[in-house]
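Below is one structure, written out as structure tokens; comments come after it.
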Amino acid sequence: MKPSIRYTGQEHGMIQRTTHRGVHPFESVPRESWYDWRWQLQHRISTAAQLFEYFDIPESDHEEYRQAMDTWRCAITPYYLSLIDRSDDRDPLRCQCVPQLEEWTQREVGSDDPLCEERDMPVTNLIHRYHDRCLTMVTDACAVYCRHCNRKRRWCDGEPAPSRDGFQQMIEYVGRTPEVREVIISGGDPLMLKLDTLEWFIKSLRVIRHVEIIRIGSRVPVVLPMRITSGLCRMLRKYRPLWFMTQFNHSNEITDEAARACEMLLQAGIPVMNQSVLLKGVNDTAAAMRELLYGLERIAVKPYYLFQCEPVRGVEHFRVDVARGVELMEQLRGTMSGLCMPNYVYDLPGGRGKMPLHPCGLYPDAAQEFDNKRQID
């Protein structure tokens with residue numbers, strides 16, 4: 001695990017970044033402020049001017065960066081910013097949160113809605129693609145806007161407050177659809193909701209008799225771990241069985257703070273699963289992926305899925321060739337514990353499911369051996 005910060009001048013409770021990554025713009029923040037998730041949200045980088053101040057971006061590229069940020073929002077918490085090596089323009093965390101030129105120059109490549117989610121909404125903001133489960137999008141707001149997000153189409157200025165009427169429509173749909181036994185609460189990031197609103201929504205789902213499982217999908221443990229509080233965990237614990245799905249994509253995200261956030265959820269009896277996205281320049285090498293998966297195992301977060309990056313408009317520069325992804329997984333398979341290995345999948349539109357991406361495990365010679373019962377004995 002990598003501590004994101006170190007403390008100096010303890011009598012003043014000040015924070016300073018470790019020096020090997022350079023001077024940090026939030027180097028003199030009081031400890032109490034730094035660990036206040038509300039302070040973190042209030043001090044996010046969200047404008048082109050801030051981006052140019054914090055990162056060495058050539059002036060000749062400024063206009064294209066502005067255009068990219070005008071099209072797709074940008075927000076970076078001070079915490080997540082503190083993990084980035086600002087001297088490296090290919091830092092794997094920087095690539096995930098800071099717009100890149102390719103995001104704008106390749107903006108015509110891909111689809112706004114590659115999974116056809118808008119087509120599978122029987123009511124607004126509820127996606128019912130699979131028979132026994134549905135996904136509710138309770139907000140479009142995120143703590144950090146990931147540049148590879150497959151719902152970039154939903155980012156909008158102003159982040160309008162969620163409507164209780166809209167929530168009620170989703171609850172009523174689930175209530176009259178008995179085949180739905182599992183509800184996924186997603187967004188955006190549902191942990192951007194007020195605690196009482198989130199609890200009201202979860203409680204309303206839990207009283208529906210055929211809803212057996214609730215899942216929460218949130219990247220908060222990765223980008224804003226101080227949002228995982230004892231009060232939040234106490235609330236979630238009341239509505240178990242509840243599963244927590246997050247997204248670590250690189251080992252540099254597994255910090256002491258992130259581990260603490262996951263441990264709090266685990267101690268509340270809430271399993272934490274990880275759904276990574278295979279991203280070019282971030283985790284598309286065996287060494288990077290192995291370090292990520294080992295790191296997740298160490299903090300008791302189960303690697304669940306490794307998603308092939310969707311062909312979303314503006315993310316073509318992240319997409320790894322499927323054959324390369326299969327090769328990568330084969331390099332890891334057999335050299336790592338099964339506890340560490342995620343399922344490498346391609347999520348398909350139209351409710352067709354998550355297609356496993358791997359070669360046949362039995363090659364011709366091996367298959368012949370297993371056909372011979374004496375070999376099995």
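Residues in the structure tokens are named by chain (A, B, ... in the order shown) and by number from 1 within that chain; ligands are numbered from 1 in the order shown.
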
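For A:Met289, the non-local neighbours within 9 Å, defined as residues at least 2 positions apart in the same chain or in other chains and counting only C-alpha atoms, are Asn249, His250, Ser251, Asn283, Asp284, Thr285, Ala286, Ala287, Glu291, Leu292, Leu293, Tyr294, Leu328 and Leu332 of chain A.
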
Take the residues that were just selected and, keeping N, CA and C atoms, output them as a CSV table (one decimal), in the first residue's frame.
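So out11.csv came out as:
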```
chain,number,residue,atom,x,y,z
A,249,ASN,N,-8.0,0.6,-10.8
A,249,ASN,CA,-7.4,0.3,-12.1
A,249,ASN,C,-5.9,0.2,-12.1
A,250,HIS,N,-5.3,0.7,-11.0
A,250,HIS,CA,-3.8,0.7,-10.9
A,250,HIS,C,-3.4,0.6,-9.5
A,251,SER,N,-2.3,-0.1,-9.3
A,251,SER,CA,-1.8,-0.3,-7.9
A,251,SER,C,-1.5,1.0,-7.1
A,283,ASN,N,-3.0,-0.1,-17.3
A,283,ASN,CA,-2.8,-1.4,-16.7
A,283,ASN,C,-2.7,-2.5,-17.7
A,284,ASP,N,-2.2,-2.2,-18.9
A,284,ASP,CA,-2.2,-3.2,-20.0
A,284,ASP,C,-0.9,-3.9,-20.1
A,285,THR,N,-0.1,-4.1,-19.0
A,285,THR,CA,1.0,-4.9,-19.0
A,285,THR,C,0.9,-6.0,-17.9
A,286,ALA,N,1.6,-7.1,-18.1
A,286,ALA,CA,1.5,-8.1,-17.0
A,286,ALA,C,2.0,-7.6,-15.7
A,287,ALA,N,3.0,-6.8,-15.7
A,287,ALA,CA,3.6,-6.3,-14.4
A,287,ALA,C,2.6,-5.4,-13.7
A,291,GLU,N,0.6,-6.4,-10.2
A,291,GLU,CA,0.8,-5.6,-9.0
A,291,GLU,C,-0.6,-5.1,-8.5
A,292,LEU,N,-1.5,-4.8,-9.4
A,292,LEU,CA,-2.8,-4.4,-9.0
A,292,LEU,C,-3.6,-5.5,-8.4
A,293,LEU,N,-3.6,-6.7,-8.9
A,293,LEU,CA,-4.3,-7.8,-8.4
A,293,LEU,C,-3.8,-8.3,-7.1
A,294,TYR,N,-2.5,-8.3,-7.0
A,294,TYR,CA,-1.9,-8.7,-5.7
A,294,TYR,C,-2.3,-7.7,-4.6
A,328,LEU,N,-2.6,-11.1,-22.3
A,328,LEU,CA,-2.3,-10.6,-21.0
A,328,LEU,C,-2.8,-11.5,-19.9
A,332,LEU,N,-0.9,-14.2,-17.0
A,332,LEU,CA,-1.2,-14.2,-15.5
A,332,LEU,C,-1.7,-15.5,-15.0
```

Could you name the residues that touch A:Met121 at 12 Å or less, counting only C-alpha atoms, but leaving out those on the same chain fewer than 5 positions away, as number ranges by chain? A: 115-116, 126-130, 134-137, 169-170, 173, 350-351

Near-stretch 60-73 of chain A list (8 Å; only C-alpha atoms; drop same-chain fewer than 3 positions) as a list of chain:residue names: A:Ser46, A:Thr47, A:Ala48, A:Phe52, A:Ile57, A:Pro99, A:Gln100, A:Leu101, A:Glu103, A:Trp104, A:Tyr145, A:Lys152, A:Trp155, A:Cys156, A:Asp157

May I have the residues from that selection written out with C-alpha atoms, as a PDB file, in the first residue's frame?
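Output saved as selection_11.pdb:
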```pdb
ATOM      1  CA  SER A  46     -12.770  21.531 -12.397  1.00  0.00           C
ATOM      2  CA  THR A  47     -11.694  24.308 -14.777  1.00  0.00           C
ATOM      3  CA  ALA A  48      -9.208  24.518 -17.616  1.00  0.00           C
ATOM      4  CA  PHE A  52      -3.084  24.490 -16.696  1.00  0.00           C
ATOM      5  CA  ILE A  57       0.425  21.445 -20.589  1.00  0.00           C
ATOM      6  CA  PRO A  99      -8.276  15.002 -20.416  1.00  0.00           C
ATOM      7  CA  GLN A 100      -5.810  13.994 -23.104  1.00  0.00           C
ATOM      8  CA  LEU A 101      -5.539  15.455 -26.585  1.00  0.00           C
ATOM      9  CA  GLU A 103     -10.045  12.607 -26.193  1.00  0.00           C
ATOM     10  CA  TRP A 104     -10.835  15.596 -28.398  1.00  0.00           C
ATOM     11  CA  TYR A 145     -14.934  12.104 -13.672  1.00  0.00           C
ATOM     12  CA  LYS A 152     -19.900  10.261 -20.405  1.00  0.00           C
ATOM     13  CA  TRP A 155     -22.311  14.277 -17.611  1.00  0.00           C
ATOM     14  CA  CYS A 156     -24.006  17.639 -17.473  1.00  0.00           C
ATOM     15  CA  ASP A 157     -23.353  21.067 -16.033  1.00  0.00           C
TER      16      ASP A 157
END
```

Enumerate the residues of stretch 64-213 of chain A with a DSSP assignment of alpha helix (DSSP H), computed from the backbone, and present them as a PyMOL selection string. chain A and resi 64-71+78-81+92-97+101-105+164-175+195-206

Please produce an output containing N, CA and C atoms for each residue in the selection, written as a tab-separated table (two decimals), in the first residue's frame.
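Output (result-v6.tsv):
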```tsv
chain	number	residue	atom	x	y	z
A	64	GLU	N	-7.58	22.89	-27.35
A	64	GLU	CA	-8.18	21.56	-27.50
A	64	GLU	C	-8.55	20.98	-26.13
A	65	TYR	N	-7.76	21.28	-25.11
A	65	TYR	CA	-8.12	20.84	-23.76
A	65	TYR	C	-9.42	21.52	-23.31
A	66	ARG	N	-9.52	22.82	-23.59
A	66	ARG	CA	-10.74	23.54	-23.22
A	66	ARG	C	-11.95	22.93	-23.93
A	67	GLN	N	-11.81	22.61	-25.20
A	67	GLN	CA	-12.92	22.03	-25.95
A	67	GLN	C	-13.32	20.68	-25.38
A	68	ALA	N	-12.32	19.88	-25.00
A	68	ALA	CA	-12.62	18.58	-24.41
A	68	ALA	C	-13.37	18.75	-23.09
A	69	MET	N	-12.94	19.71	-22.27
A	69	MET	CA	-13.58	19.93	-20.97
A	69	MET	C	-14.95	20.57	-21.11
A	70	ASP	N	-15.16	21.33	-22.19
A	70	ASP	CA	-16.49	21.89	-22.45
A	70	ASP	C	-17.46	20.79	-22.88
A	71	THR	N	-16.93	19.74	-23.50
A	71	THR	CA	-17.78	18.64	-23.98
A	71	THR	C	-18.01	17.62	-22.87
A	78	PRO	N	-8.59	16.82	-4.55
A	78	PRO	CA	-7.21	17.02	-4.11
A	78	PRO	C	-6.53	15.71	-3.71
A	79	TYR	N	-7.28	14.82	-3.06
A	79	TYR	CA	-6.71	13.53	-2.67
A	79	TYR	C	-6.19	12.77	-3.89
A	80	TYR	N	-7.02	12.62	-4.91
A	80	TYR	CA	-6.59	11.85	-6.08
A	80	TYR	C	-5.47	12.57	-6.81
A	81	LEU	N	-5.54	13.89	-6.84
A	81	LEU	CA	-4.45	14.66	-7.43
A	81	LEU	C	-3.14	14.39	-6.73
A	92	PRO	N	-0.23	6.86	-14.83
A	92	PRO	CA	-1.45	6.08	-15.05
A	92	PRO	C	-2.69	6.64	-14.35
A	93	LEU	N	-2.51	7.41	-13.28
A	93	LEU	CA	-3.67	8.02	-12.64
A	93	LEU	C	-4.05	9.32	-13.33
A	94	ARG	N	-3.04	10.05	-13.79
A	94	ARG	CA	-3.31	11.26	-14.56
A	94	ARG	C	-4.12	10.93	-15.80
A	95	CYS	N	-3.76	9.85	-16.47
A	95	CYS	CA	-4.47	9.47	-17.70
A	95	CYS	C	-5.96	9.22	-17.43
A	96	GLN	N	-6.29	8.77	-16.23
A	96	GLN	CA	-7.67	8.43	-15.93
A	96	GLN	C	-8.54	9.64	-15.59
A	97	CYS	N	-7.93	10.74	-15.16
A	97	CYS	CA	-8.74	11.87	-14.69
A	97	CYS	C	-8.50	13.17	-15.43
A	101	LEU	N	-5.24	14.91	-25.26
A	101	LEU	CA	-5.54	15.45	-26.59
A	101	LEU	C	-6.37	14.49	-27.42
A	102	GLU	N	-6.06	13.20	-27.28
A	102	GLU	CA	-6.79	12.20	-28.08
A	102	GLU	C	-8.28	12.19	-27.78
A	103	GLU	N	-8.63	12.59	-26.57
A	103	GLU	CA	-10.04	12.61	-26.19
A	103	GLU	C	-10.82	13.54	-27.12
A	104	TRP	N	-10.17	14.64	-27.52
A	104	TRP	CA	-10.84	15.60	-28.40
A	104	TRP	C	-10.61	15.27	-29.87
A	105	THR	N	-9.36	14.93	-30.23
A	105	THR	CA	-9.06	14.70	-31.65
A	105	THR	C	-9.73	13.43	-32.18
A	164	ARG	N	-37.17	13.12	-6.18
A	164	ARG	CA	-37.82	12.07	-5.40
A	164	ARG	C	-38.89	11.36	-6.25
A	165	ASP	N	-39.56	12.13	-7.10
A	165	ASP	CA	-40.55	11.51	-7.98
A	165	ASP	C	-39.89	10.50	-8.91
A	166	GLY	N	-38.70	10.85	-9.42
A	166	GLY	CA	-37.97	9.91	-10.28
A	166	GLY	C	-37.55	8.67	-9.52
A	167	PHE	N	-37.09	8.86	-8.30
A	167	PHE	CA	-36.74	7.70	-7.47
A	167	PHE	C	-37.97	6.81	-7.25
A	168	GLN	N	-39.10	7.46	-6.98
A	168	GLN	CA	-40.32	6.71	-6.69
A	168	GLN	C	-40.76	5.89	-7.89
A	169	GLN	N	-40.58	6.42	-9.09
A	169	GLN	CA	-40.93	5.66	-10.29
A	169	GLN	C	-40.07	4.40	-10.41
A	170	MET	N	-38.78	4.53	-10.10
A	170	MET	CA	-37.90	3.36	-10.15
A	170	MET	C	-38.33	2.33	-9.10
A	171	ILE	N	-38.63	2.79	-7.90
A	171	ILE	CA	-39.05	1.88	-6.83
A	171	ILE	C	-40.34	1.16	-7.22
A	172	GLU	N	-41.27	1.89	-7.79
A	172	GLU	CA	-42.54	1.29	-8.17
A	172	GLU	C	-42.35	0.27	-9.29
A	173	TYR	N	-41.44	0.55	-10.22
A	173	TYR	CA	-41.17	-0.43	-11.30
A	173	TYR	C	-40.63	-1.72	-10.71
A	174	VAL	N	-39.65	-1.60	-9.81
A	174	VAL	CA	-39.09	-2.80	-9.18
A	174	VAL	C	-40.18	-3.55	-8.42
A	175	GLY	N	-41.05	-2.83	-7.75
A	175	GLY	CA	-42.11	-3.46	-6.96
A	175	GLY	C	-43.10	-4.26	-7.80
A	195	LEU	N	-26.88	11.42	2.71
A	195	LEU	CA	-27.01	10.13	3.38
A	195	LEU	C	-28.47	9.76	3.60
A	196	ASP	N	-29.31	10.73	3.99
A	196	ASP	CA	-30.70	10.38	4.25
A	196	ASP	C	-31.44	10.03	2.96
A	197	THR	N	-31.07	10.66	1.84
A	197	THR	CA	-31.69	10.32	0.56
A	197	THR	C	-31.30	8.92	0.13
A	198	LEU	N	-30.00	8.61	0.26
A	198	LEU	CA	-29.53	7.28	-0.11
A	198	LEU	C	-30.19	6.22	0.75
A	199	GLU	N	-30.29	6.47	2.06
A	199	GLU	CA	-30.91	5.48	2.93
A	199	GLU	C	-32.40	5.30	2.59
A	200	TRP	N	-33.09	6.38	2.32
A	200	TRP	CA	-34.51	6.27	1.95
A	200	TRP	C	-34.69	5.39	0.72
A	201	PHE	N	-33.80	5.57	-0.26
A	201	PHE	CA	-33.91	4.78	-1.50
A	201	PHE	C	-33.61	3.31	-1.23
A	202	ILE	N	-32.53	3.04	-0.47
A	202	ILE	CA	-32.18	1.65	-0.17
A	202	ILE	C	-33.28	0.99	0.66
A	203	LYS	N	-33.78	1.70	1.66
A	203	LYS	CA	-34.83	1.14	2.51
A	203	LYS	C	-36.09	0.84	1.71
A	204	SER	N	-36.42	1.72	0.77
A	204	SER	CA	-37.60	1.51	-0.06
A	204	SER	C	-37.46	0.26	-0.92
A	205	LEU	N	-36.25	-0.03	-1.37
A	205	LEU	CA	-36.02	-1.26	-2.14
A	205	LEU	C	-36.04	-2.48	-1.24
A	206	ARG	N	-35.48	-2.35	-0.04
A	206	ARG	CA	-35.35	-3.50	0.84
A	206	ARG	C	-36.71	-4.03	1.31
```

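Remark: for A:Pro225, the closest of the candidate residues A:Val326, A:Leu41, A:Ala288, A:Ile213 is A:Leu41 (distances computed over only C-alpha atoms).
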
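Once A:Ile299 and its same-chain neighbours fewer than 3 positions away are set aside, Met1, Phe248, Ser251, Ile254, Thr255, Asp256, Glu257, Ala258, Ala259, Arg260, Ala261, Cys262, Glu263, Met264, Leu265, Leu266, Pro271, Val272, Met273, Asn274, Leu292, Leu293, Tyr294, Gly295, Leu296, Lys302, Pro303 and Cys340 of chain A remain within 12 Å of it when counting only C-alpha atoms.
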